[in-house]
2 protein chains.
Amino acid sequence: MAVYTHLGAEDMAALIARFDVGTLVSAKGIAEGVSNSNWLLETTGATGIGARFILTMYEFRIELADLPYFLSLLDHLAAKGCPVPRTIHDRDGNLYVTRPGAQGEKALALIEYLPGVSVSAPTAGQARAVGAELARLHLAAADFPGTRANGMGVAEWQRLAAACGAEGLARIDPALAHIVASELPRLAETWPQALPSGVIHADLFPDNVLMLGDVVTGLIDFYFACNDILAYDLAVTHVAWCFDDRTGAFRADVSQALIEGYESVRPLDAEERAALPLLGQGAAMRFAMSRAWDWLNTPADALVTPKDPMGPAQRLGFYKANPGIFA
Amino acid sequence: MAVYTHLGAEDMAALIARFDVGTLVSAKGIAEGVSNSNWLLETTGATGIGARFILTMYEFRIELADLPYFLSLLDHLAAKGCPVPRTIHDRDGNLYVTRPGAQGEKALALIEYLPGVSVSAPTAGQARAVGAELARLHLAAADFPGTRANGMGVAEWQRLAAACGAEGLARIDPALAHIVASELPRLAETWPQALPSGVIHADLFPDNVLMLGDVVTGLIDFYFACNDILAYDLAVTHVAWCFDDRTGAFRADVSQALIEGYESVRPLDAEERAALPLLGQGAAMRFAMSRAWDWLNTPADALVTPKDPMGPAQRLGFYKANPGIFA
């Protein structure tokens, strides 16, 4: 959550001149994004385009080859009426621009600014709205031509678990090592192969949803988007929305509203519904493993505070013990 | 440069309800401020008040007793037409609100959002405009009733130098220990006592000035403002604007423009002009000492990167060797 690169007014003005958005009026580095730097920009505007934008500089992790998938997906979804930020193309029609820097060339994209704030303790009404928007996203992306494998799928959970090692996991919490040893092989073995697939967001935590009251005004941060099981995306969203952030307690009303909201737009078939307890366990394992790796590998002087892997790990246990919540 | 405290949408909405500014539309943590957290807010607005604001939470360093001085100074200057952000008073007329937190009660202020961007390599035209605005600020504050001693005056340079210790300074750079040993006693002994005084900004670096082209749209960050020698404020601004940030080279055209701009609004008298070389050395010493202390005392895992004290230290030597630049 930081701005890693300093861009002065002169640098920023030169960058903005590559887009047909008028001239720079304001630029504030914003404390969002883990692997990129972001600025909230205001410009004098151009016909047909609003005057506020988010400028993102990709610092780490993102493969340049994936950028066209992420950015053209935003365009595709926005054109279908999904509340996602449009990509502002440069004067030559490119989805992003590049800029030389001390650590090599970096890519930057300009996207639409959307109103709304991220909730910390979602209500059932908010979860219902998010469920419906997630389903709309799945339907709207059905004819999106791009494809991208899920880089955070089962094989990656296994790789991360191995990279942490049993003793690394035990250093975080002995229970974590135990959960991984007992559950990860079972999840890998029984992971569904034939459920309906398509483009998924794959990271729809409350941080990545902008809302005004019960209205979703923005779905953002598509940098884990990929092609995978649609109901898995609902399971990820379930892990992210249906437990109290402080106590970890399951919130039955929020859970029911999320699923009802989703099904009000895209009803689940019998196989998808039956798979939800397993998909939820997988989603929990995915975040437990990525957070465990970050926990063990974030330097003490990092700008980013790693998230506790035990939250998702406990949710995995909850899903296994309570498959009936999805019945 | 970070947001130290997480405020969720619900917290933020409750805070905003204490002001007559409508309801929350957007809130982005911004990467500004060393000793406070800042958010750029958009609201639905209220009559007579714009719909964008900066919310500041005071985290460290600021004495609560000083807040009324800083915030009412903004109101005073804004009412006189200076480009400074107005303080938005709460529904009871208070300049700031407080909020309980895990680390004790914290104060928050809501101030006006101003357009503009901070330049990195000022032109002479920009320096001229800044000089003129600084002089206007000095004149506009002449009847401001508040007073505050300069907490970063000569006595504080001496205290910081002693706290760093000769060996601490030498660890940063042997030249720094030498400069402090030879120059600080002389500065303390010869520091002017009878020059015209008033309210000064005391920290007018380019980061604290918002501009659009050659127009100053905002003077911000008044948290070092105090009552002290007016020409010293010009000297601080000179240290901050008239040297190339990368090479340290003196920029004669920018220097001349800054002083001409200042004098176009408030001409210096003979004593002030004669004192500028000494005031410049003092201003350089002030930043060399505060940065030296930060350099030695910033933990490796801090969110803030300390600034190099050798930049100002070299400027001190330049002013001593070249008093004629102010003639």
# chains A, B, ... in the order shown; residues from 1 in each chain; ligands from 1
>>> residues_around(residues="stretch 69-78 of chain B", least_positions_apart="5", cutoff="8 Å", atoms="only C-alpha atoms", output="list of chain:residue names")
B:Pro83, B:Val84, B:Pro85, B:Arg86, B:Thr87, B:Leu95, B:Leu137, B:Ala140, B:Ala141, B:Phe144, B:Gly146, B:Thr147, B:Arg148, B:Phe222, B:Tyr223, B:Ala225
>>> select_by_dssp(residues="stretch 133-243 of chain A", states="helix (DSSP H, G or I)", output="ChimeraX atom specification")
/A:133-143,154-172,174-190,206-208,230-241
>>> closest_atom_pairs(of="chain B", to="chain A", cutoff="6 Å", atoms="only C-alpha atoms", output="CSV")
residue,atom,partner,partner_atom,distance
B:Gly8,CA,A:Ser120,CA,5.3
B:Ala9,CA,A:Val119,CA,4.9
B:Val25,CA,A:Gly116,CA,5.3
B:Ser26,CA,A:Gly116,CA,4.8
B:Gly29,CA,A:Ala31,CA,5.2
B:Ile30,CA,A:Ile30,CA,4.1
B:Ala31,CA,A:Gly29,CA,5.2
B:Pro115,CA,A:Ser26,CA,5.3
B:Gly116,CA,A:Ser26,CA,4.8
B:Val117,CA,A:Ser26,CA,5.3
B:Ser118,CA,A:Ala9,CA,5.7
B:Val119,CA,A:Ala9,CA,4.9
B:Ser120,CA,A:Gly8,CA,5.3
B:Ala300,CA,A:Asp301,CA,5.5
B:Asp301,CA,A:Asp301,CA,3.4
B:Leu303,CA,A:Leu303,CA,5.8
>>> atom_distance(atom1="atom CA of A:Ala65", atom2="atom CA of A:Asn36")
15.9 Å
>>> atom_distance(atom1="atom CA of A:Gly153", atom2="atom CA of A:Ile200")
12.3 Å
>>> residues_around(residues="stretch 230-239 of chain B", least_positions_apart="5", cutoff="6 Å", atoms="only C-alpha atoms", output="ChimeraX atom specification")
/B:197,200,202,204,279-280,283
>>> write_last_selection(atoms="C-alpha atoms", output="PDB file, in the first residue's frame")
ATOM      1  CA  SER B 197       9.152  39.390  12.305  1.00  0.00           C
ATOM      2  CA  ILE B 200       6.194  32.485   8.629  1.00  0.00           C
ATOM      3  CA  ALA B 202       9.023  27.955   7.649  1.00  0.00           C
ATOM      4  CA  LEU B 204       7.997  26.127   1.866  1.00  0.00           C
ATOM      5  CA  LEU B 279      19.804  33.575   7.152  1.00  0.00           C
ATOM      6  CA  GLY B 280      20.448  31.212   4.242  1.00  0.00           C
ATOM      7  CA  ALA B 283      18.061  27.765   7.025  1.00  0.00           C
TER       8      ALA B 283
END
>>> residues_around(residues="A:Phe318", least_positions_apart="6", cutoff="10 Å", atoms="only C-alpha atoms", output="JSON list (two decimals) with N, CA and C atoms, in the first residue's frame")
[["chain", "number", "residue", "atom", "x", "y", "z"],
["A", 249, "ALA", "N", -15.91, -14.86, 12.95],
["A", 249, "ALA", "CA", -17.21, -15.54, 13.03],
["A", 249, "ALA", "C", -17.92, -15.55, 11.68],
["A", 250, "PHE", "N", -18.53, -16.69, 11.35],
["A", 250, "PHE", "CA", -19.33, -16.82, 10.14],
["A", 250, "PHE", "C", -20.56, -15.94, 10.24],
["A", 277, "PRO", "N", -18.93, -26.24, -1.04],
["A", 277, "PRO", "CA", -18.10, -26.45, 0.17],
["A", 277, "PRO", "C", -16.63, -26.73, -0.18],
["A", 280, "GLY", "N", -15.04, -23.53, -1.60],
["A", 280, "GLY", "CA", -14.74, -22.61, -0.49],
["A", 280, "GLY", "C", -13.45, -23.00, 0.22],
["A", 281, "GLN", "N", -13.27, -24.32, 0.43],
["A", 281, "GLN", "CA", -12.03, -24.79, 1.07],
["A", 281, "GLN", "C", -10.82, -24.45, 0.19],
["A", 284, "ALA", "N", -10.11, -20.76, 0.39],
["A", 284, "ALA", "CA", -9.45, -20.46, 1.66],
["A", 284, "ALA", "C", -7.99, -20.90, 1.61],
["A", 312, "PRO", "N", -7.87, -17.09, 6.64],
["A", 312, "PRO", "CA", -8.37, -18.05, 5.65],
["A", 312, "PRO", "C", -8.21, -19.51, 6.08],
["A", 325, "ILE", "N", -24.02, -25.02, 4.97],
["A", 325, "ILE", "CA", -24.33, -23.59, 4.78],
["A", 325, "ILE", "C", -24.63, -23.26, 3.33]]
>>> atom_distance(atom1="atom CA of B:Ala257", atom2="atom CA of B:Ala124")
5.4 Å
>>> select_by_dssp(residues="stretch 78-259 of chain B", states="strand (DSSP E)", output="list of chain:residue names")
B:Thr87, B:Ile88, B:Val97, B:Thr98, B:Arg99, B:Lys106, B:Ala107, B:Leu108, B:Ala109, B:Leu110, B:Ile111, B:Glu112, B:Ser197, B:Gly198, B:Val199, B:Ile200, B:Val209, B:Leu210, B:Met211, B:Leu212, B:Val215, B:Val216, B:Thr217, B:Gly218, B:Leu219, B:Cys226, B:Asn227, B:Asp228, B:Ile229
>>> write_last_selection(atoms="N, CA and C atoms", output="mmCIF file, in the first residue's frame")
data_model
loop_
_atom_site.group_PDB
_atom_site.id
_atom_site.type_symbol
_atom_site.label_atom_id
_atom_site.label_comp_id
_atom_site.auth_asym_id
_atom_site.auth_seq_id
_atom_site.Cartn_x
_atom_site.Cartn_y
_atom_site.Cartn_z
ATOM 1 N N THR B 87 -10.019 25.684 6.482
ATOM 2 C CA THR B 87 -10.405 24.631 7.417
ATOM 3 C C THR B 87 -11.927 24.512 7.394
ATOM 4 N N ILE B 88 -12.425 23.290 7.284
ATOM 5 C CA ILE B 88 -13.870 23.082 7.377
ATOM 6 C C ILE B 88 -14.192 22.844 8.859
ATOM 7 N N VAL B 97 -11.801 17.665 15.051
ATOM 8 C CA VAL B 97 -12.562 16.714 15.860
ATOM 9 C C VAL B 97 -11.574 15.698 16.434
ATOM 10 N N THR B 98 -12.010 14.965 17.425
ATOM 11 C CA THR B 98 -11.153 13.903 17.952
ATOM 12 C C THR B 98 -11.909 12.585 17.864
ATOM 13 N N ARG B 99 -11.144 11.524 17.896
ATOM 14 C CA ARG B 99 -11.719 10.200 17.696
ATOM 15 C C ARG B 99 -10.882 9.225 18.508
ATOM 16 N N LYS B 106 -7.150 10.572 18.842
ATOM 17 C CA LYS B 106 -6.440 11.289 17.786
ATOM 18 C C LYS B 106 -7.293 12.434 17.255
ATOM 19 N N ALA B 107 -6.617 13.482 16.825
ATOM 20 C CA ALA B 107 -7.309 14.643 16.273
ATOM 21 C C ALA B 107 -7.356 14.527 14.754
ATOM 22 N N LEU B 108 -8.450 14.991 14.167
ATOM 23 C CA LEU B 108 -8.594 15.009 12.714
ATOM 24 C C LEU B 108 -9.130 16.358 12.274
ATOM 25 N N ALA B 109 -8.600 16.842 11.168
ATOM 26 C CA ALA B 109 -9.102 18.093 10.598
ATOM 27 C C ALA B 109 -9.484 17.856 9.143
ATOM 28 N N LEU B 110 -10.505 18.570 8.722
ATOM 29 C CA LEU B 110 -10.968 18.505 7.345
ATOM 30 C C LEU B 110 -10.621 19.839 6.703
ATOM 31 N N ILE B 111 -9.850 19.799 5.631
ATOM 32 C CA ILE B 111 -9.508 21.051 4.968
ATOM 33 C C ILE B 111 -9.867 20.970 3.496
ATOM 34 N N GLU B 112 -9.956 22.135 2.911
ATOM 35 C CA GLU B 112 -10.325 22.270 1.511
ATOM 36 C C GLU B 112 -9.297 21.562 0.613
ATOM 37 N N SER B 197 9.673 40.731 12.032
ATOM 38 C CA SER B 197 9.152 39.390 12.305
ATOM 39 C C SER B 197 7.658 39.326 12.061
ATOM 40 N N GLY B 198 7.144 38.111 12.037
ATOM 41 C CA GLY B 198 5.719 37.892 11.852
ATOM 42 C C GLY B 198 5.472 36.402 11.673
ATOM 43 N N VAL B 199 4.333 36.073 11.104
ATOM 44 C CA VAL B 199 4.010 34.666 10.870
ATOM 45 C C VAL B 199 4.769 34.185 9.637
ATOM 46 N N ILE B 200 5.473 33.060 9.772
ATOM 47 C CA ILE B 200 6.194 32.485 8.629
ATOM 48 C C ILE B 200 5.731 31.048 8.399
ATOM 49 N N VAL B 209 3.989 23.355 -2.209
ATOM 50 C CA VAL B 209 3.391 24.360 -3.095
ATOM 51 C C VAL B 209 2.712 23.630 -4.246
ATOM 52 N N LEU B 210 1.433 23.911 -4.453
ATOM 53 C CA LEU B 210 0.719 23.372 -5.606
ATOM 54 C C LEU B 210 0.701 24.439 -6.686
ATOM 55 N N MET B 211 0.993 24.028 -7.919
ATOM 56 C CA MET B 211 1.058 24.989 -9.019
ATOM 57 C C MET B 211 0.347 24.443 -10.242
ATOM 58 N N LEU B 212 -0.148 25.357 -11.063
ATOM 59 C CA LEU B 212 -0.583 25.019 -12.421
ATOM 60 C C LEU B 212 0.194 25.954 -13.336
ATOM 61 N N VAL B 215 1.323 29.475 -12.045
ATOM 62 C CA VAL B 215 0.380 30.007 -11.056
ATOM 63 C C VAL B 215 0.406 29.146 -9.793
ATOM 64 N N VAL B 216 0.551 29.790 -8.655
ATOM 65 C CA VAL B 216 0.486 29.082 -7.379
ATOM 66 C C VAL B 216 -0.987 28.871 -7.029
ATOM 67 N N THR B 217 -1.409 27.615 -6.951
ATOM 68 C CA THR B 217 -2.803 27.319 -6.624
ATOM 69 C C THR B 217 -2.961 26.895 -5.170
ATOM 70 N N GLY B 218 -1.846 26.577 -4.510
ATOM 71 C CA GLY B 218 -1.953 26.174 -3.111
ATOM 72 C C GLY B 218 -0.637 26.265 -2.364
ATOM 73 N N LEU B 219 -0.673 26.851 -1.188
ATOM 74 C CA LEU B 219 0.419 26.749 -0.215
ATOM 75 C C LEU B 219 -0.125 25.820 0.867
ATOM 76 N N CYS B 226 5.019 29.493 12.333
ATOM 77 C CA CYS B 226 5.360 30.053 13.641
ATOM 78 C C CYS B 226 5.625 31.545 13.457
ATOM 79 N N ASN B 227 5.935 32.222 14.551
ATOM 80 C CA ASN B 227 6.317 33.632 14.462
ATOM 81 C C ASN B 227 7.832 33.723 14.524
ATOM 82 N N ASP B 228 8.413 34.307 13.493
ATOM 83 C CA ASP B 228 9.880 34.417 13.432
ATOM 84 C C ASP B 228 10.229 35.485 12.387
ATOM 85 N N ILE B 229 11.510 35.587 12.081
ATOM 86 C CA ILE B 229 12.012 36.594 11.142
ATOM 87 C C ILE B 229 11.433 36.347 9.737
#
>>> residues_around(residues="stretch 263-270 of chain B", least_positions_apart="2", cutoff="9 Å", atoms="only C-alpha atoms", output="list in words")
Gly131, Ala132, Glu133, Leu134, Ala135, Arg136, His138, Leu139, Ala231, Leu258, Ile259, Glu260, Gly261, Glu272, Arg273, Ala274 and Ala275 of chain B
